[in-house]
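What follows is the content of data-v7.txt, which has compact mmCIF, C-alpha atoms:
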```
# COMPACT_ATOMS: atom_id res chain seq x y z
CA MET A 1 32.41 -129.01 -109.30
CA ILE A 2 34.45 -129.47 -112.48
CA HIS A 3 33.00 -127.79 -115.56
CA THR A 4 33.64 -129.10 -119.05
CA LEU A 5 33.17 -126.96 -122.13
CA THR A 6 31.61 -128.94 -124.96
CA MET A 7 31.79 -127.46 -128.45
CA GLY A 8 29.80 -128.66 -131.44
CA HIS A 9 26.72 -128.19 -133.52
CA LEU A 10 24.52 -129.21 -130.63
CA ASP A 11 20.80 -129.03 -130.15
CA PRO A 12 20.42 -126.24 -127.55
CA ALA A 13 17.11 -127.63 -126.32
CA ALA A 14 18.77 -130.97 -125.59
CA VAL A 15 21.51 -129.29 -123.59
CA SER A 16 18.90 -128.17 -121.07
CA ARG A 17 18.15 -131.87 -120.59
CA ARG A 18 21.87 -132.61 -120.07
CA GLN A 19 22.09 -134.21 -123.50
CA ALA A 20 24.59 -133.49 -126.24
CA ILE A 21 22.73 -134.22 -129.47
CA VAL A 22 24.95 -133.47 -132.45
CA LEU A 23 23.03 -132.00 -135.37
CA ARG A 24 26.06 -132.17 -137.65
CA PRO A 25 29.74 -132.83 -137.01
CA LEU A 26 32.30 -130.10 -136.58
CA ASP A 27 34.70 -129.20 -139.37
CA MET A 28 37.70 -131.10 -138.07
CA ASP A 29 40.13 -129.15 -140.27
CA VAL A 30 39.27 -126.05 -138.30
CA VAL A 31 39.50 -127.95 -135.02
CA HIS A 32 42.95 -129.32 -135.77
CA ARG A 33 44.21 -125.97 -137.04
CA LEU A 34 43.07 -124.19 -133.90
CA LEU A 35 44.53 -126.91 -131.71
CA GLN A 36 47.84 -126.46 -133.47
CA GLU A 37 47.70 -122.70 -132.94
CA LEU A 38 46.64 -122.73 -129.31
CA GLY A 39 47.33 -126.14 -127.86
CA GLY A 40 49.99 -128.71 -127.34
CA THR A 41 50.18 -132.44 -126.78
CA ASP A 42 50.70 -134.49 -123.68
CA GLU A 43 53.13 -137.38 -123.26
CA GLN A 44 50.61 -139.74 -124.82
CA GLY A 45 50.26 -137.55 -127.90
CA ARG A 46 46.77 -136.33 -127.08
CA PRO A 47 45.93 -132.71 -127.82
CA THR A 48 45.81 -130.36 -124.86
CA LEU A 49 44.74 -126.81 -124.14
CA ASP A 50 46.82 -125.24 -121.38
CA GLY A 51 47.96 -128.73 -120.50
CA VAL A 52 44.41 -130.02 -120.07
CA PRO A 53 43.53 -132.96 -122.34
CA VAL A 54 41.03 -132.35 -125.13
CA GLU A 55 38.48 -135.01 -125.99
CA ILE A 56 37.55 -135.19 -129.66
CA GLY A 57 34.75 -137.49 -130.67
CA ALA A 58 31.20 -137.87 -131.94
CA GLY A 59 31.41 -134.59 -133.80
CA THR A 60 32.24 -132.56 -130.72
CA VAL A 61 35.25 -131.25 -128.86
CA ALA A 62 35.31 -131.13 -125.06
CA CYS A 63 37.82 -129.74 -122.62
CA ARG A 64 37.84 -129.06 -118.89
CA TRP A 65 37.06 -125.42 -118.31
CA LEU A 66 36.60 -124.57 -114.63
CA ILE A 67 38.48 -126.69 -112.08
CA GLY A 68 37.98 -125.23 -108.64
CA GLY A 69 39.46 -121.74 -108.79
CA TYR A 70 41.29 -122.42 -112.06
CA CYS A 71 39.81 -121.22 -115.33
CA ASN A 72 41.15 -122.63 -118.59
CA ARG A 73 41.48 -119.41 -120.58
CA VAL A 74 43.12 -121.19 -123.49
CA ALA A 75 40.08 -123.43 -123.80
CA GLU A 76 37.92 -120.32 -123.72
CA GLU A 77 39.96 -118.76 -126.51
CA PHE A 78 39.73 -121.97 -128.51
CA ALA A 79 35.96 -122.06 -128.01
CA LEU A 80 35.53 -118.43 -129.02
CA ARG A 81 37.54 -118.88 -132.20
CA LEU A 82 35.82 -122.14 -133.05
CA ARG A 83 32.43 -120.52 -132.63
CA GLN A 84 33.50 -117.58 -134.76
CA GLU A 85 34.65 -119.82 -137.59
CA THR A 86 32.03 -122.56 -137.49
CA GLY A 87 29.06 -121.06 -135.66
CA CYS A 88 29.00 -123.97 -133.26
CA VAL A 89 27.22 -124.08 -129.91
CA LEU A 90 29.18 -123.89 -126.65
CA ALA A 91 27.72 -125.77 -123.73
CA ASP A 92 28.33 -127.12 -120.26
CA ARG A 93 26.30 -130.28 -120.71
CA GLU A 94 26.55 -131.61 -117.17
CA HIS A 95 25.20 -128.33 -115.85
CA SER A 96 22.53 -128.04 -118.56
CA CYS A 97 23.80 -124.63 -119.70
CA VAL A 98 24.43 -123.16 -123.13
CA ILE A 99 27.42 -120.83 -122.81
CA GLU A 100 27.21 -117.52 -124.61
CA PRO A 101 30.47 -116.06 -125.95
CA GLU A 102 30.04 -113.01 -123.71
CA GLN A 103 30.58 -115.27 -120.71
CA LEU A 104 34.03 -116.28 -121.91
CA GLN A 105 37.11 -114.18 -121.45
CA GLY A 106 39.61 -115.95 -123.64
CA LEU A 107 43.17 -114.73 -123.72
CA ASN A 108 42.67 -111.12 -124.69
CA ARG A 109 39.14 -110.09 -123.86
CA GLN A 110 37.77 -108.40 -120.77
CA ALA A 111 36.02 -110.69 -118.34
CA THR A 112 32.30 -110.15 -118.11
CA ALA A 113 31.82 -112.72 -115.41
CA THR A 114 34.25 -111.69 -112.73
CA ARG A 115 35.26 -113.61 -109.66
CA GLU A 116 33.41 -112.59 -106.54
CA PRO A 117 35.46 -110.96 -103.80
CA ARG A 118 36.72 -113.39 -101.21
CA GLY A 119 34.67 -113.82 -98.08
CA ARG A 120 31.75 -112.00 -99.74
CA MET B 121 11.94 -223.00 -67.62
CA ASP B 122 15.21 -221.54 -66.37
CA ALA B 123 17.12 -223.52 -68.95
CA ARG B 124 14.93 -222.03 -71.75
CA GLN B 125 15.48 -218.47 -70.51
CA GLY B 126 19.17 -219.12 -70.27
CA PHE B 127 19.32 -220.41 -73.85
CA GLY B 128 17.22 -217.44 -75.02
CA ARG B 129 19.56 -214.89 -73.39
CA LEU B 130 22.53 -216.71 -74.81
CA PHE B 131 20.96 -216.71 -78.26
CA HIS B 132 20.25 -212.93 -78.07
CA ARG B 133 23.81 -212.22 -76.95
CA ILE B 134 25.20 -214.33 -79.79
CA ALA B 135 22.88 -212.61 -82.29
CA ALA B 136 23.85 -209.13 -81.00
CA ALA B 137 27.54 -209.99 -81.22
CA ALA B 138 27.03 -211.33 -84.76
CA ARG B 139 25.33 -208.04 -85.78
CA ARG B 140 28.18 -206.05 -84.30
CA TRP B 141 30.75 -208.08 -86.16
CA ALA B 142 28.73 -207.93 -89.35
CA ALA B 143 28.50 -204.13 -89.03
CA ARG B 144 32.19 -203.87 -88.34
CA LEU B 145 33.18 -206.05 -91.25
CA HIS B 146 30.67 -204.64 -93.75
CA ARG B 147 31.89 -201.08 -94.17
CA ARG B 148 29.55 -198.53 -95.67
CA PRO B 149 30.71 -196.69 -98.76
CA PRO B 150 31.81 -193.13 -98.00
CA GLU B 151 29.18 -190.51 -98.61
CA GLU B 152 29.40 -189.05 -102.05
CA PRO B 153 29.32 -185.29 -102.33
CA VAL B 154 25.90 -183.99 -103.21
CA LEU B 155 26.06 -182.12 -106.44
CA PRO B 156 24.01 -178.92 -106.52
CA GLN B 157 21.02 -178.90 -108.76
CA ARG B 158 22.18 -175.63 -110.27
CA PRO B 159 25.61 -174.14 -110.06
CA ALA B 160 25.95 -171.81 -107.11
CA ARG B 161 26.09 -168.08 -107.73
CA PRO B 162 28.47 -167.77 -110.62
CA PHE B 163 31.51 -165.66 -110.05
CA ALA B 164 31.65 -162.42 -111.99
CA ARG B 165 34.21 -162.34 -114.69
CA ALA B 166 37.33 -160.61 -113.57
CA GLU B 167 37.46 -157.11 -114.96
CA PRO B 168 40.76 -155.38 -115.50
CA ILE B 169 41.21 -152.35 -113.30
CA PRO B 170 41.66 -149.26 -115.45
CA ALA B 171 44.93 -147.45 -115.03
CA ASP B 172 43.24 -144.07 -115.28
CA PRO B 173 41.85 -143.11 -111.84
CA ALA B 174 38.84 -141.43 -113.42
CA GLU B 175 37.89 -144.54 -115.36
CA HIS B 176 38.53 -146.70 -112.30
CA ALA B 177 36.18 -144.43 -110.34
CA VAL B 178 33.48 -144.89 -112.99
CA GLN B 179 33.89 -148.66 -112.90
CA PHE B 180 33.69 -148.73 -109.11
CA ALA B 181 30.72 -146.35 -109.10
CA GLN B 182 28.79 -148.55 -111.51
CA ASP B 183 29.51 -151.66 -109.42
CA TRP B 184 28.44 -150.00 -106.18
CA TYR B 185 25.78 -147.65 -107.49
CA ASP B 186 23.09 -148.65 -104.99
CA ARG B 187 25.21 -147.90 -101.93
CA LEU B 188 26.51 -144.63 -103.37
CA GLU B 189 22.99 -143.55 -104.29
CA PHE B 190 21.77 -144.33 -100.79
CA HIS B 191 24.57 -142.41 -99.08
CA SER B 192 24.36 -139.45 -101.47
CA ARG B 193 20.65 -139.02 -100.77
CA ARG B 194 21.08 -139.49 -97.05
CA ARG B 195 23.92 -136.99 -96.83
CA MET B 196 21.96 -134.37 -98.77
CA ARG B 197 19.03 -134.83 -96.40
CA GLU B 198 21.36 -134.52 -93.40
CA LEU B 199 22.71 -131.28 -94.85
CA GLU B 200 19.13 -130.02 -95.08
CA ILE B 201 18.94 -129.84 -98.85
CA PRO B 202 15.21 -129.64 -99.67
CA ALA B 203 13.80 -132.91 -100.99
CA HIS B 204 12.81 -131.42 -104.34
CA ARG B 205 16.45 -130.45 -104.96
CA ILE B 206 17.93 -133.89 -104.25
CA GLY B 207 18.75 -135.73 -107.45
CA ALA B 208 18.14 -135.20 -111.14
CA TYR B 209 17.50 -137.25 -114.25
CA ASP B 210 20.45 -139.37 -115.36
CA ILE B 211 20.42 -139.62 -119.16
CA ASP B 212 23.02 -142.38 -119.11
CA PHE B 213 20.48 -144.65 -117.43
CA ASP B 214 17.22 -143.91 -119.23
CA PHE B 215 16.52 -140.73 -117.31
CA ARG B 216 16.25 -142.45 -113.95
CA HIS B 217 15.97 -140.00 -111.08
CA ALA B 218 19.16 -140.29 -109.09
CA ALA B 219 21.30 -138.42 -106.61
CA PHE B 220 24.41 -140.21 -107.86
CA PHE B 221 25.43 -140.43 -111.53
CA PRO B 222 28.02 -143.22 -111.96
CA LYS B 223 29.14 -142.33 -115.48
CA GLU B 224 29.80 -138.63 -115.00
CA MET B 225 33.25 -137.69 -113.73
CA SER B 226 33.06 -134.09 -112.52
CA GLY B 227 32.40 -134.70 -108.83
CA GLY B 228 28.92 -133.25 -108.94
CA ALA B 229 26.62 -130.99 -110.85
CA HIS B 230 23.32 -129.19 -110.69
CA SER B 231 20.33 -129.22 -113.00
CA PRO B 232 17.55 -126.70 -113.68
CA GLY B 233 15.75 -126.01 -110.43
CA ALA B 234 19.06 -126.16 -108.52
CA ARG B 235 18.75 -129.91 -108.25
CA ILE B 236 21.97 -131.47 -107.02
CA ASN B 237 23.65 -134.73 -107.89
CA LEU B 238 27.01 -136.27 -107.11
CA ASN B 239 28.95 -138.49 -109.49
CA SER B 240 31.96 -140.78 -109.77
CA GLY B 241 34.34 -137.83 -109.48
CA ILE B 242 34.02 -138.02 -105.69
CA LEU B 243 35.89 -141.34 -105.89
CA ASN B 244 38.69 -139.98 -108.05
CA PRO B 245 41.67 -138.92 -105.92
CA GLU B 246 43.10 -137.00 -108.88
CA LEU B 247 39.99 -135.00 -109.64
CA PHE B 248 41.71 -131.66 -109.06
CA ALA B 249 45.21 -132.55 -110.18
CA PRO B 250 47.19 -130.80 -111.42
CA LYS B 251 45.56 -127.51 -112.36
CA SER B 252 44.14 -126.56 -108.98
CA GLY B 253 47.53 -126.54 -107.29
CA PRO B 254 49.21 -128.97 -104.90
CA GLU B 255 47.31 -127.85 -101.79
CA VAL B 256 43.95 -128.53 -103.35
CA ALA B 257 45.08 -131.75 -104.97
CA THR B 258 46.52 -133.02 -101.68
CA SER B 259 43.59 -132.03 -99.48
CA TRP B 260 41.21 -133.65 -101.94
CA ALA B 261 43.25 -136.82 -102.40
CA LYS B 262 43.70 -137.27 -98.64
CA GLY B 263 40.14 -136.26 -97.80
CA ARG B 264 37.66 -138.89 -96.71
CA LEU B 265 34.79 -139.75 -99.01
CA ARG B 266 32.24 -138.13 -96.70
CA ASP B 267 34.30 -134.91 -96.68
CA ARG B 268 34.46 -134.92 -100.46
CA MET B 269 30.70 -135.46 -100.66
CA ASP B 270 30.04 -132.58 -98.28
CA ALA B 271 32.39 -130.29 -100.21
CA ILE B 272 30.71 -130.99 -103.53
CA ILE B 273 27.21 -130.67 -102.09
CA ALA B 274 28.04 -127.31 -100.52
CA HIS B 275 29.55 -126.03 -103.77
CA GLU B 276 26.73 -127.22 -106.00
CA ASP B 277 24.14 -125.93 -103.55
CA ILE B 278 25.38 -122.36 -103.87
CA GLU B 279 26.13 -122.55 -107.58
CA GLY B 280 22.80 -124.16 -108.43
CA LEU B 281 20.76 -121.60 -106.52
CA ARG B 282 22.60 -118.73 -108.21
CA VAL B 283 22.14 -120.17 -111.68
CA ALA B 284 18.48 -120.77 -110.93
CA ALA B 285 18.24 -117.12 -109.92
CA GLY B 286 19.54 -116.10 -113.35
CA GLU B 287 23.25 -115.63 -112.73
CA GLU B 288 25.74 -116.70 -115.39
CA LEU B 289 27.33 -120.08 -114.85
CA LYS B 290 30.89 -118.84 -114.64
CA ALA B 291 30.03 -116.13 -112.14
CA ALA B 292 27.96 -118.56 -110.11
CA HIS B 293 30.88 -120.98 -110.03
CA ALA B 294 33.23 -118.24 -108.84
CA ALA B 295 30.74 -117.28 -106.14
CA ALA B 296 30.45 -120.88 -105.02
CA VAL B 297 34.24 -121.17 -104.81
CA ALA B 298 34.33 -118.06 -102.64
CA LEU B 299 31.35 -118.76 -100.40
CA ALA B 300 31.20 -122.54 -99.99
CA PRO B 301 33.79 -122.78 -97.17
CA ASP B 302 31.53 -120.61 -95.00
CA THR B 303 28.27 -122.33 -95.85
CA PRO B 304 25.78 -122.42 -92.96
CA ARG B 305 24.98 -126.02 -93.79
CA PRO B 306 26.45 -128.48 -91.25
CA ILE B 307 29.22 -129.87 -93.46
CA ARG B 308 32.20 -131.60 -91.89
CA GLU B 309 35.39 -129.77 -91.03
CA GLY B 310 37.29 -131.87 -93.56
CA ALA B 311 35.00 -130.56 -96.28
CA ARG B 312 35.57 -126.97 -95.18
CA HIS B 313 39.31 -127.66 -95.34
CA ILE B 314 39.00 -128.81 -98.97
CA LEU B 315 36.82 -125.84 -99.87
CA ARG B 316 39.18 -123.39 -98.19
CA ALA B 317 42.10 -124.86 -100.13
CA ILE B 318 40.14 -124.37 -103.36
CA ARG B 319 39.29 -120.79 -102.42
CA GLU B 320 42.83 -119.91 -101.38
CA HIS B 321 44.37 -121.32 -104.54
CA GLU B 322 45.76 -118.54 -106.69
CA PRO B 323 45.10 -119.41 -110.32
CA GLY B 324 48.29 -119.40 -112.34
CA ARG B 325 50.58 -119.58 -109.34
CA GLU B 326 51.92 -122.99 -110.34
CA ARG B 327 52.68 -121.83 -113.85
CA GLY B 328 55.70 -119.91 -112.69
CA ARG B 329 57.16 -122.91 -110.94
```
Before we go any further, please render this structure as structure tokens.
Amino acid sequence: MIHTLTMGHLDPAAVSRRQAIVLRPLDMDVVHRLLQELGGTDEQGRPTLDGVPVEIGAGTVACRWLIGGYCNRVAEEFALRLRQETGCVLADREHSCVIEPEQLQGLNRQATATREPRGR
Amino acid sequence: MDARQGFGRLFHRIAAAARRWAARLHRRPPEEPVLPQRPARPFARAEPIPADPAEHAVQFAQDWYDRLEFHSRRRMRELEIPAHRIGAYDIDFDFRHAAFFPKEMSGGAHSPGARINLNSGILNPELFAPKSGPEVATSWAKGRLRDRMDAIIAHEDIEGLRVAAGEELKAAHAAAVALAPDTPRPIREGARHILRAIREHEPGRERGR
């Protein structure tokens, strides 16, 4: 129901088995710079993207992406920029899916995966 | 002869009275408590309850995994999910096949082949807070567990089938949000209420508040 976007140098084959195997850690300088550009911090000092907490650990970054009808476009933008700069893999591990950049809208791009009309 | 019988009776009465007095005067020691051979079932060490509802849900789900697994499977069968789509492999527990994943927090998910599982997110009253809006957060938090289970199963059923058919994940999710409240599966009315609230939520509406 809730989708989390996991970013890192992951083994794509492992993602299809719901695993997040890190081949090498992310460049954390890039991660922190992008978080400063796009994100904020919550009351506990944790980084956030559009107010949603970001989990940094084990060489990956993860953030909630789709929560019911809400789509975290800031997280999408972060993921797109991170992939552009580091060549990392984007994945929804719990749903065994590698996410291609074309599926993400970000803040300025056109959506390729549009919401279905209500009531079919 | 009569004198002998009389002395005999008298002797028996005196002996019986002596035994009674001896019993009364010679008190038995009180029974000592019987110590168990082994200590009885040891009490589990008290675990602190996490302040974070999501972590508390994970802790509870791990403690009560067997019951949650049983009810997840049974509910999926009652909702006529085909047997081969009930459950997936849980990597957190050595790839055991399960319909309920205690360590995951998203409510539920689907795996290749549109296989459905629930997880500890169904126990988290704040699963949708705050980004899905107050209506969704309230209907979810006040919803009964069986309603939450039905809502997740209906959503993952549609989304999983669409992804298995080759649709992109994000589009499949959007379709599931739109179509799940009207699913033909016999989900409870409380679940339809939750799903309708999710569908009716206008993304970004709360930002202006």
At a cut-off of 10 Å from (30.7, -121.1, -113.5) in the coordinates of the file, what residues are picked up using only C-alpha atoms, written as a ChimeraX atom specification? /A:1-3,65-69,71,92,95,97,99,103,113,115 /B:279-280,282-283,287-297
Considering only C-alpha atoms, state which residue in the set A:Arg83, A:Arg46, A:His9, A:Arg64 is at the smallest distance from chain B.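 Going through A:Arg83, A:Arg46, A:His9, A:Arg64 one by one, the smallest distance to chain B is for A:Arg64.
Distances here use all atoms listed in the file; by that measure, the residue among B:Ile169, B:Asp277, B:Ala229, B:Pro306 closest to chain A is B:Ala229.
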Would you mind reading off the distance between atom CA of B:Thr258 and atom CA of A:Ala75, one decimal, in Å?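 Taking atom CA of B:Thr258 and atom CA of A:Ala75, their separation equals 25.0 Å.
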Exercise answer, chain B residues close to chain A, 9 Å and only C-alpha atoms, as a PyMOL selection string: chain B and resi 209-211+224-232+241+247-248+251-253+256+272+275-276+280+288-299+302+315+318-324
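The space between atom CA of B:Ile307 and atom CA of B:Leu199 spans 6.8 Å.
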Which residue, B:Pro222, B:Asp172, B:Lys262, B:Ile206, has the smallest gap to B:Arg187 when you use all atoms listed in the file? B:Pro222
Have a look at A:Thr6, A:Leu90, A:Leu107, A:Arg24 and name the one nearest to A:Val54; count all atoms listed in the file.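 Ranking A:Thr6, A:Leu90, A:Leu107, A:Arg24 by distance to A:Val54, first place goes to A:Thr6.
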Neighbours of point (38.0, -134.0, -129.2) within 10 Å, using all atoms listed in the file, written as a PyMOL selection string: chain A and resi 6-7+28+31-32+35+46-48+53-63
So, counting all atoms listed in the file, which residue among A:Val74, A:Ala91, A:Leu34, A:Leu80 is closest to A:Asp11?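 Closest to A:Asp11, using all atoms listed in the file: A:Ala91.
Interatomic distance, atom CA of B:Pro301 to atom CA of B:Leu265: 17.1 Å.
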Selected residue of minimal separation from A:Ala13 among A:Glu102, A:Val89, A:Arg33, A:Arg81, counting only C-alpha atoms: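 Result for the nearest residue to A:Ala13: A:Val89.
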Can you pull out the residues contacting A:Gly106? Cut-off 6 Å, using only C-alpha atoms, and skip same-chain residues under 6 positions away; I want them as a list in words. Arg73, Glu76 and Glu77 of chain A
Mind rebuilding stretch 18-28 of chain A with all heavy atoms and writing that out as an mmCIF file, in the coordinates of the input?
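Wrote it out as out02.cif, contents follow:
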```
data_model
loop_
_atom_site.group_PDB
_atom_site.id
_atom_site.type_symbol
_atom_site.label_atom_id
_atom_site.label_comp_id
_atom_site.auth_asym_id
_atom_site.auth_seq_id
_atom_site.Cartn_x
_atom_site.Cartn_y
_atom_site.Cartn_z
ATOM 1 N N ARG A 18 20.550 -132.012 -120.312
ATOM 2 C CA ARG A 18 21.870 -132.610 -120.070
ATOM 3 C C ARG A 18 22.280 -133.544 -121.200
ATOM 4 O O ARG A 18 23.115 -134.419 -121.010
ATOM 5 C CB ARG A 18 21.902 -133.384 -118.743
ATOM 6 C CG ARG A 18 21.595 -132.545 -117.548
ATOM 7 C CD ARG A 18 21.479 -133.393 -116.318
ATOM 8 N NE ARG A 18 22.787 -133.818 -115.864
ATOM 9 C CZ ARG A 18 23.270 -133.582 -114.663
ATOM 10 N NH1 ARG A 18 22.554 -132.903 -113.803
ATOM 11 N NH2 ARG A 18 24.451 -134.006 -114.312
ATOM 12 N N GLN A 19 21.717 -133.376 -122.373
ATOM 13 C CA GLN A 19 22.090 -134.210 -123.500
ATOM 14 C C GLN A 19 22.939 -133.418 -124.481
ATOM 15 O O GLN A 19 22.777 -132.205 -124.595
ATOM 16 C CB GLN A 19 20.835 -134.706 -124.233
ATOM 17 C CG GLN A 19 20.083 -135.801 -123.523
ATOM 18 C CD GLN A 19 18.857 -136.223 -124.290
ATOM 19 O OE1 GLN A 19 17.984 -135.405 -124.558
ATOM 20 N NE2 GLN A 19 18.783 -137.479 -124.642
ATOM 21 N N ALA A 20 23.804 -134.115 -125.176
ATOM 22 C CA ALA A 20 24.590 -133.490 -126.240
ATOM 23 C C ALA A 20 24.217 -134.179 -127.548
ATOM 24 O O ALA A 20 24.825 -135.175 -127.933
ATOM 25 C CB ALA A 20 26.082 -133.628 -125.949
ATOM 26 N N ILE A 21 23.179 -133.658 -128.203
ATOM 27 C CA ILE A 21 22.730 -134.220 -129.470
ATOM 28 C C ILE A 21 23.388 -133.432 -130.598
ATOM 29 O O ILE A 21 23.186 -132.211 -130.713
ATOM 30 C CB ILE A 21 21.195 -134.171 -129.581
ATOM 31 C CG1 ILE A 21 20.583 -135.079 -128.505
ATOM 32 C CG2 ILE A 21 20.739 -134.586 -130.978
ATOM 33 C CD1 ILE A 21 19.074 -135.085 -128.481
ATOM 34 N N VAL A 22 24.190 -134.123 -131.381
ATOM 35 C CA VAL A 22 24.950 -133.470 -132.450
ATOM 36 C C VAL A 22 24.088 -133.390 -133.703
ATOM 37 O O VAL A 22 23.652 -134.419 -134.224
ATOM 38 C CB VAL A 22 26.250 -134.262 -132.726
ATOM 39 C CG1 VAL A 22 27.053 -133.588 -133.825
ATOM 40 C CG2 VAL A 22 27.081 -134.376 -131.465
ATOM 41 N N LEU A 23 23.840 -132.176 -134.168
ATOM 42 C CA LEU A 23 23.030 -132.000 -135.370
ATOM 43 C C LEU A 23 23.869 -132.254 -136.624
ATOM 44 O O LEU A 23 23.380 -132.804 -137.602
ATOM 45 C CB LEU A 23 22.446 -130.590 -135.392
ATOM 46 C CG LEU A 23 21.553 -130.254 -134.177
ATOM 47 C CD1 LEU A 23 21.095 -128.810 -134.234
ATOM 48 C CD2 LEU A 23 20.346 -131.194 -134.119
ATOM 49 N N ARG A 24 25.122 -131.819 -136.581
ATOM 50 C CA ARG A 24 26.060 -132.170 -137.650
ATOM 51 C C ARG A 24 27.476 -132.061 -137.071
ATOM 52 O O ARG A 24 27.695 -131.303 -136.111
ATOM 53 C CB ARG A 24 25.887 -131.263 -138.864
ATOM 54 C CG ARG A 24 26.206 -129.805 -138.643
ATOM 55 C CD ARG A 24 26.040 -129.029 -139.954
ATOM 56 N NE ARG A 24 26.596 -127.689 -139.849
ATOM 57 C CZ ARG A 24 25.977 -126.661 -139.303
ATOM 58 N NH1 ARG A 24 24.772 -126.812 -138.773
ATOM 59 N NH2 ARG A 24 26.546 -125.465 -139.251
ATOM 60 N N PRO A 25 28.395 -132.825 -137.616
ATOM 61 C CA PRO A 25 29.740 -132.830 -137.010
ATOM 62 C C PRO A 25 30.494 -131.533 -137.272
ATOM 63 O O PRO A 25 30.206 -130.804 -138.227
ATOM 64 C CB PRO A 25 30.428 -134.019 -137.680
ATOM 65 C CG PRO A 25 29.672 -134.253 -138.930
ATOM 66 C CD PRO A 25 28.272 -133.794 -138.700
ATOM 67 N N LEU A 26 31.441 -131.274 -136.409
ATOM 68 C CA LEU A 26 32.300 -130.100 -136.580
ATOM 69 C C LEU A 26 33.238 -130.284 -137.765
ATOM 70 O O LEU A 26 33.562 -131.420 -138.138
ATOM 71 C CB LEU A 26 33.145 -129.902 -135.325
ATOM 72 C CG LEU A 26 32.500 -129.227 -134.123
ATOM 73 C CD1 LEU A 26 33.429 -129.347 -132.921
ATOM 74 C CD2 LEU A 26 32.234 -127.749 -134.417
ATOM 75 N N ASP A 27 33.671 -129.164 -138.320
ATOM 76 C CA ASP A 27 34.700 -129.200 -139.370
ATOM 77 C C ASP A 27 36.038 -129.480 -138.679
ATOM 78 O O ASP A 27 36.601 -128.608 -138.016
ATOM 79 C CB ASP A 27 34.722 -127.844 -140.093
ATOM 80 C CG ASP A 27 35.716 -127.838 -141.244
ATOM 81 O OD1 ASP A 27 36.533 -128.776 -141.330
ATOM 82 O OD2 ASP A 27 35.673 -126.894 -142.051
ATOM 83 N N MET A 28 36.513 -130.704 -138.827
ATOM 84 C CA MET A 28 37.700 -131.100 -138.070
ATOM 85 C C MET A 28 38.966 -130.417 -138.562
ATOM 86 O O MET A 28 39.951 -130.338 -137.816
ATOM 87 C CB MET A 28 37.885 -132.628 -138.127
ATOM 88 C CG MET A 28 36.750 -133.393 -137.458
ATOM 89 S SD MET A 28 36.278 -132.742 -135.838
ATOM 90 C CE MET A 28 37.649 -133.252 -134.851
#
```
